[in-house]
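Participant: What follows is a structure written as structure tokens; I'll ask about it next.
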There are 2 protein chains.
Amino acid sequence: MDLAGSLELLWGDRPGPRRGPKPALSHELIARTGIGIADAEGLAAVSMQRVAAELGFTKMSLYRYVPGKSELVALMADLAMGAPPADLGDGDWCDRLRAWTLALLPGFLRHPWVLEVTTGPRVVGPNELAWMESALAVLDGTGLGGAERMDALSVLAGHARNIAQQVATTPGGDPGTQLGAILFEVVRERGDRYPAVQAALTESMDEGGQDKGLDFGLDLILDGLRARVATRARWPTSHDSTTLPATPTKISDP
Amino acid sequence: MDLAGSLELLWGDRPGPRRGPKPALSHELIARTGIGIADAEGLAAVSMQRVAAELGFTKMSLYRYVPGKSELVALMADLAMGAPPADLGDGDWCDRLRAWTLALLPGFLRHPWVLEVTTGPRVVGPNELAWMESALAVLDGTGLGGAERMDALSVLAGHARNIAQQVATTPGGDPGTQLGAILFEVVRERGDRYPAVQAALTESMDEGGQDKGLDFGLDLILDGLRARVATRARWPTSHDSTTLPATPTKISDP
DNA sequence: TGCTTTTGTGTATGGTAGACACAGTTATTC
DNA sequence: GAATAACTGTGTCTACCATACACAAAAGCA
């Protein structure tokens with residue numbers, strides 16, 4: 001949770017010191033080791049002890065490279081997501097936004113712990129910022145305002161996160177199937193209390209059970225975005241939305 | 001992470017035992033104490049020790065009520081979100097879905113740790129299922145398929161989560177402002193590498209900085225949903241979307 | 001050759017979750 | 001009423017965890 005520490009670790013490229021023994025490790029090596037552990041055994045298995053042991057060093061040696069565990073995890077997350085694809089295809093901005101969102105998924109699926117780690121306030125790393133840059137570049141020249149471009153990006157990334165989380169919960173994986181079965185069982189036993197859930201679940205199973213949630217949400221969002229872009233293109237200075245309520249919704253104080 | 005334990009704790013209403021001393025505590029009392037700590041000092045401050053001390057008991061006594069910490073946290077989360085509003089207003093299904101999504105926000109804002117805790121596979125609790133029921137009841141009779149209703153629910157809830165997370169990061173709160181400033185500073189120093197981000201950020205600040213992300217995304221999603229409902233109403237048996245690609249996107253194996 | 005900086009390590013502290021045995025309390029049963 | 005069984009709260013114990021600090025060895029610089 002040390003913002004300054006994370007900032008320094010993620011963004012500060014310190015010049016290598018001149019005296020003393022050569023460092024045997026590096027930020028990248030340590031982070032990649034942590035990523036390997038988190039991928040294989042979950043984030044809970046990542047401890048300074050464990051990472052150091054994997055590298056053949058003592059845990060205290062890691063503190064020569066990393067100010068603390070939370071900063072290491074932040075580094076792991078940024079590294080695990082990697083850089084955005086250099087090419088999003090030849091389509092229009094809409095197709096490329098779709099490609100961008102789809103490109104986000106493999107990272108989340110390969111490293112599910114990134115989802116846990118990137119909830120809540122944090123310092124954005126170089127790769128995360130590069131992903132933002134990649135999407136915002138696509139949205140440039142659409143006529144959307146700056147805040148609107150950021151919001152669109154956020155909605156799309158949120159959808160990718162959402163789908164990744166569902167995939168991690170629902171499908172093939174051993175505990176996943178169990179979870180889906182548990183939900184169904186719970187609802188089945190209490191069908192009178194949750195009739196709409198029961199109806200949706202059984203209907204969904206009868207439909208064949210193909211997961212179309214990814215495309216469903218993506219189409220939803222991109223269609224809406226296209227409509228708004230068309231509006232902005234006609235009246236570039238107007239910031240009103242066709243369906244925006246007269247007074248924007250105020251988030252009530254918690 | 002003990003699925004069976006969480007299931008029993010969240011859903012099992014065991015008959016009170018007949019012999020022995022009356023229990024001095026209860027699931028609810030313990031969970032509410034944990035919620036208080038998490039709200040005030042963050043999830044990291046919640047430990048068995050701490051909760052027990054707050055109640056004037058030893059930590060081991062809690063294990064008479066709760067199988068472990070993760071199960072306690074699951075109970076806390078379900079309790080903290082509470083039940084959905086009984087009445088979503090008099091509007092059409094679209095207005096009521098908007099009201100449902102907005103009703104989700106105060107819980108997330110009051111208990112930001114719920115976001116962290118509800119990422120990843122988990123057993124849904126009674127309150128979470130009641131929220132699902134509430135939204136699915138609204139979507140009943142719209143002509144959407146079962147899976148589509150679930151997907152719509154998921155996109156809306158995901159948007160609420162997304163916004164709550166942004167609010168926790170961006171605005172008034174002391175560390176939040178700092179974070180926004182940090183992002184801006186990082187981008188400003190490296191404007192050549194992230195021109196689109198810089199443009200969007202500065203443009204966003206010039207626009208006045210009012211957060212319209214909530215309505216922006218909500219309108220996006222609801223507009224798209226309305227269009228799809230209209231399609232289904234005309235051809236209720238068709239499951240095609242107007243913009244769905246010929247072949248649904250396959251999630252590539254991680 | 002000394003001086004200084006830097007690395008890796010060993011030790012110590014205070015925190016965590018949880019297993020287990022035990023004593024005291026209470027309702028049921030003989 | 002007495003014996004028994006079940007249940008609660010507690011004290012003790014283990015095995016981890018992050019991390020502060022001091023120290024010795026190593027390597028460049030004077």
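Chain lettering (A, B, ...) mirrors the order of the structure tokens, residue numbering begins at 1 for each chain separately, and ligand numbering begins at 1 in order of display.
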Could you find all residues in region 45-138 of chain B that DSSP calls alpha helix (DSSP H) from the backbone, and write them as number ranges by chain?
Facilitator: B: 48-55, 59-62, 69-81, 93-110, 113-117, 126-138
Participant: Taking only C-alpha atoms (C1' of nucleotides) into account, produce a table as a tab-separated table in which each residue of chain A with an atom at most 7 Å from an atom of chain D appears once, together with its shortest atom pair and the distance in Å to one decimal, ordered by chain and rising number.
Facilitator:
```
residue	atom	partner	partner_atom	distance
A:Arg18	CA	D:DG28	C1'	6.6
A:Arg19	CA	D:DG28	C1'	4.6
A:Gly20	CA	D:DA27	C1'	4.6
A:Pro21	CA	D:DA27	C1'	5.2
```
Participant: Which chain A residues have any atom within 7 Å of an atom of chain B, and for each, what is the nearest pair of atoms with distance in Å to one decimal, counting only C-alpha atoms, rows sorted by chain and number, as a tab-separated table?
Facilitator:
```
residue	atom	partner	partner_atom	distance
A:Pro106	CA	B:Pro254	CA	5.6
A:Leu109	CA	B:Pro254	CA	5.7
A:Arg110	CA	B:Pro254	CA	4.9
A:Leu115	CA	B:Thr119	CA	6.9
A:Glu116	CA	B:Thr119	CA	5.9
A:Thr119	CA	B:Glu116	CA	5.9
A:Gly120	CA	B:Gln165	CA	6.0
A:Pro121	CA	B:Thr169	CA	4.8
A:Val123	CA	B:Leu179	CA	6.8
A:Met132	CA	B:Val197	CA	6.8
A:Glu133	CA	B:Val197	CA	5.4
A:Leu136	CA	B:Ala196	CA	5.6
A:Ala137	CA	B:Ala196	CA	5.3
A:Gly146	CA	B:Ala200	CA	4.1
A:Ala147	CA	B:Ser204	CA	4.6
A:Arg149	CA	B:Ala200	CA	6.9
A:Met150	CA	B:Ala200	CA	7.0
A:Asp151	CA	B:Gly213	CA	5.3
A:Val155	CA	B:Gly217	CA	6.4
A:Gly158	CA	B:Asn162	CA	6.2
A:His159	CA	B:Val155	CA	6.7
A:Asn162	CA	B:Gly158	CA	6.1
A:Gln165	CA	B:Gly120	CA	6.0
A:Ala168	CA	B:Pro121	CA	6.8
A:Thr169	CA	B:Pro121	CA	4.8
A:Leu179	CA	B:Val123	CA	6.8
A:Tyr194	CA	B:Glu133	CA	5.8
A:Ala196	CA	B:Ala137	CA	5.3
A:Val197	CA	B:Glu133	CA	5.4
A:Ala200	CA	B:Gly146	CA	4.1
A:Leu201	CA	B:Gly146	CA	6.4
A:Glu203	CA	B:Gly146	CA	5.0
A:Ser204	CA	B:Gly146	CA	4.5
A:Gly213	CA	B:Asp151	CA	5.3
A:Asp215	CA	B:Thr249	CA	6.7
A:Gly217	CA	B:Val155	CA	6.4
A:Asp219	CA	B:Thr243	CA	6.5
A:Leu220	CA	B:Gly224	CA	4.5
A:Ile221	CA	B:Ile221	CA	5.7
A:Asp223	CA	B:Gly224	CA	6.2
A:Gly224	CA	B:Leu220	CA	4.6
A:Leu225	CA	B:Leu220	CA	6.5
A:Thr243	CA	B:Asp219	CA	6.6
A:Leu244	CA	B:Asp219	CA	6.9
A:Pro248	CA	B:Asp215	CA	6.9
A:Thr249	CA	B:Asp215	CA	6.7
A:Ser252	CA	B:Pro106	CA	6.9
A:Pro254	CA	B:Arg110	CA	5.0
```
Participant: Which distance in Å separates CA of Glu128 (chain A) and CA of Ala77 (chain A), to one decimal?
Facilitator: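 The value is 9.2 Å.
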Participant: Output as a PyMOL selection string the set of chain B residues within 10 Å of chain C, with distances taken over only C-alpha atoms (C1' of nucleotides).
Facilitator: chain B and resi 17-22+47-49+60+63+67-69
Participant: For the residues in the current selection, export N, CA, C and O atoms as a CSV table (one decimal), in the first residue's frame.
Facilitator:
```csv
chain,number,residue,atom,x,y,z
B,17,PRO,N,-28.7,-26.2,19.2
B,17,PRO,CA,-28.4,-27.4,20.0
B,17,PRO,C,-29.2,-27.3,21.3
B,17,PRO,O,-29.6,-26.2,21.7
B,18,ARG,N,-29.4,-28.4,21.9
B,18,ARG,CA,-30.3,-28.5,23.1
B,18,ARG,C,-29.5,-28.4,24.4
B,18,ARG,O,-29.9,-27.8,25.3
B,19,ARG,N,-28.3,-29.0,24.4
B,19,ARG,CA,-27.5,-29.1,25.6
B,19,ARG,C,-26.5,-28.0,25.7
B,19,ARG,O,-26.2,-27.3,24.7
B,20,GLY,N,-25.8,-27.9,26.8
B,20,GLY,CA,-24.6,-27.0,26.9
B,20,GLY,C,-25.0,-25.6,27.1
B,20,GLY,O,-26.2,-25.2,27.0
B,21,PRO,N,-24.0,-24.8,27.4
B,21,PRO,CA,-24.3,-23.4,27.7
B,21,PRO,C,-24.9,-22.7,26.4
B,21,PRO,O,-24.6,-23.0,25.3
B,22,LYS,N,-25.7,-21.6,26.7
B,22,LYS,CA,-26.2,-20.8,25.5
B,22,LYS,C,-25.0,-20.1,24.9
B,22,LYS,O,-24.1,-19.6,25.6
B,47,SER,N,-8.8,-9.4,11.7
B,47,SER,CA,-8.2,-10.6,12.0
B,47,SER,C,-9.0,-11.3,13.1
B,47,SER,O,-9.8,-10.6,13.8
B,48,MET,N,-8.9,-12.6,13.3
B,48,MET,CA,-9.7,-13.3,14.3
B,48,MET,C,-9.4,-12.6,15.6
B,48,MET,O,-10.4,-12.4,16.4
B,49,GLN,N,-8.2,-12.4,15.9
B,49,GLN,CA,-7.8,-11.7,17.1
B,49,GLN,C,-8.5,-10.4,17.3
B,49,GLN,O,-9.1,-10.2,18.4
B,60,MET,N,-10.1,-17.9,19.8
B,60,MET,CA,-10.5,-19.2,19.6
B,60,MET,C,-12.0,-19.4,19.8
B,60,MET,O,-12.6,-20.4,19.2
B,63,TYR,N,-14.1,-19.6,16.6
B,63,TYR,CA,-14.1,-20.8,15.8
B,63,TYR,C,-15.2,-21.7,16.2
B,63,TYR,O,-15.5,-22.8,15.5
B,67,PRO,N,-16.2,-21.5,10.7
B,67,PRO,CA,-15.1,-22.5,10.4
B,67,PRO,C,-13.7,-21.9,10.2
B,67,PRO,O,-12.7,-22.6,10.4
B,68,GLY,N,-13.7,-20.7,9.7
B,68,GLY,CA,-12.4,-20.1,9.4
B,68,GLY,C,-12.5,-18.7,9.0
B,68,GLY,O,-13.7,-18.2,8.8
B,69,LYS,N,-11.4,-18.0,8.7
B,69,LYS,CA,-11.5,-16.6,8.4
B,69,LYS,C,-12.2,-16.3,7.1
B,69,LYS,O,-13.0,-15.4,6.9
```
Participant: State, in Å with one decimal place, the distance from CA of His27 (chain A) to CA of Tyr65 (chain A).
Facilitator: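 Straight-line distance from CA of His27 (chain A) to CA of Tyr65 (chain A) works out to 6.4 Å.
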Participant: As an exercise, work out the distance from CA of Ala53 (chain A) to CA of Leu29 (chain A) in Å and give it to one decimal place.
Facilitator: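 Separating CA of Ala53 (chain A) from CA of Leu29 (chain A) is a distance of 13.2 Å.
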Participant: Near Val73 (chain B), counting only C-alpha atoms (C1' of nucleotides), which residues have an atom at most 9 Å away, once you skip same-chain residues fewer than 6 positions from it, shown as a list in words?
Facilitator: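 After dropping sequence-adjacent residues, the list is Ala31, Gly34, Ile35, Val46 and Val117 of chain B.
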Participant: Emit the selected residues as an mmCIF file, in the first residue's frame, including C-alpha atoms.
Facilitator:
```cif
data_model
loop_
_atom_site.group_PDB
_atom_site.id
_atom_site.type_symbol
_atom_site.label_atom_id
_atom_site.label_comp_id
_atom_site.auth_asym_id
_atom_site.auth_seq_id
_atom_site.Cartn_x
_atom_site.Cartn_y
_atom_site.Cartn_z
ATOM 1 C CA ALA B 31 -19.844 -10.617 11.060
ATOM 2 C CA GLY B 34 -15.839 -7.591 11.298
ATOM 3 C CA ILE B 35 -17.718 -5.267 8.954
ATOM 4 C CA VAL B 46 -9.698 -7.709 10.208
ATOM 5 C CA VAL B 117 -13.471 -9.975 -1.482
#
```
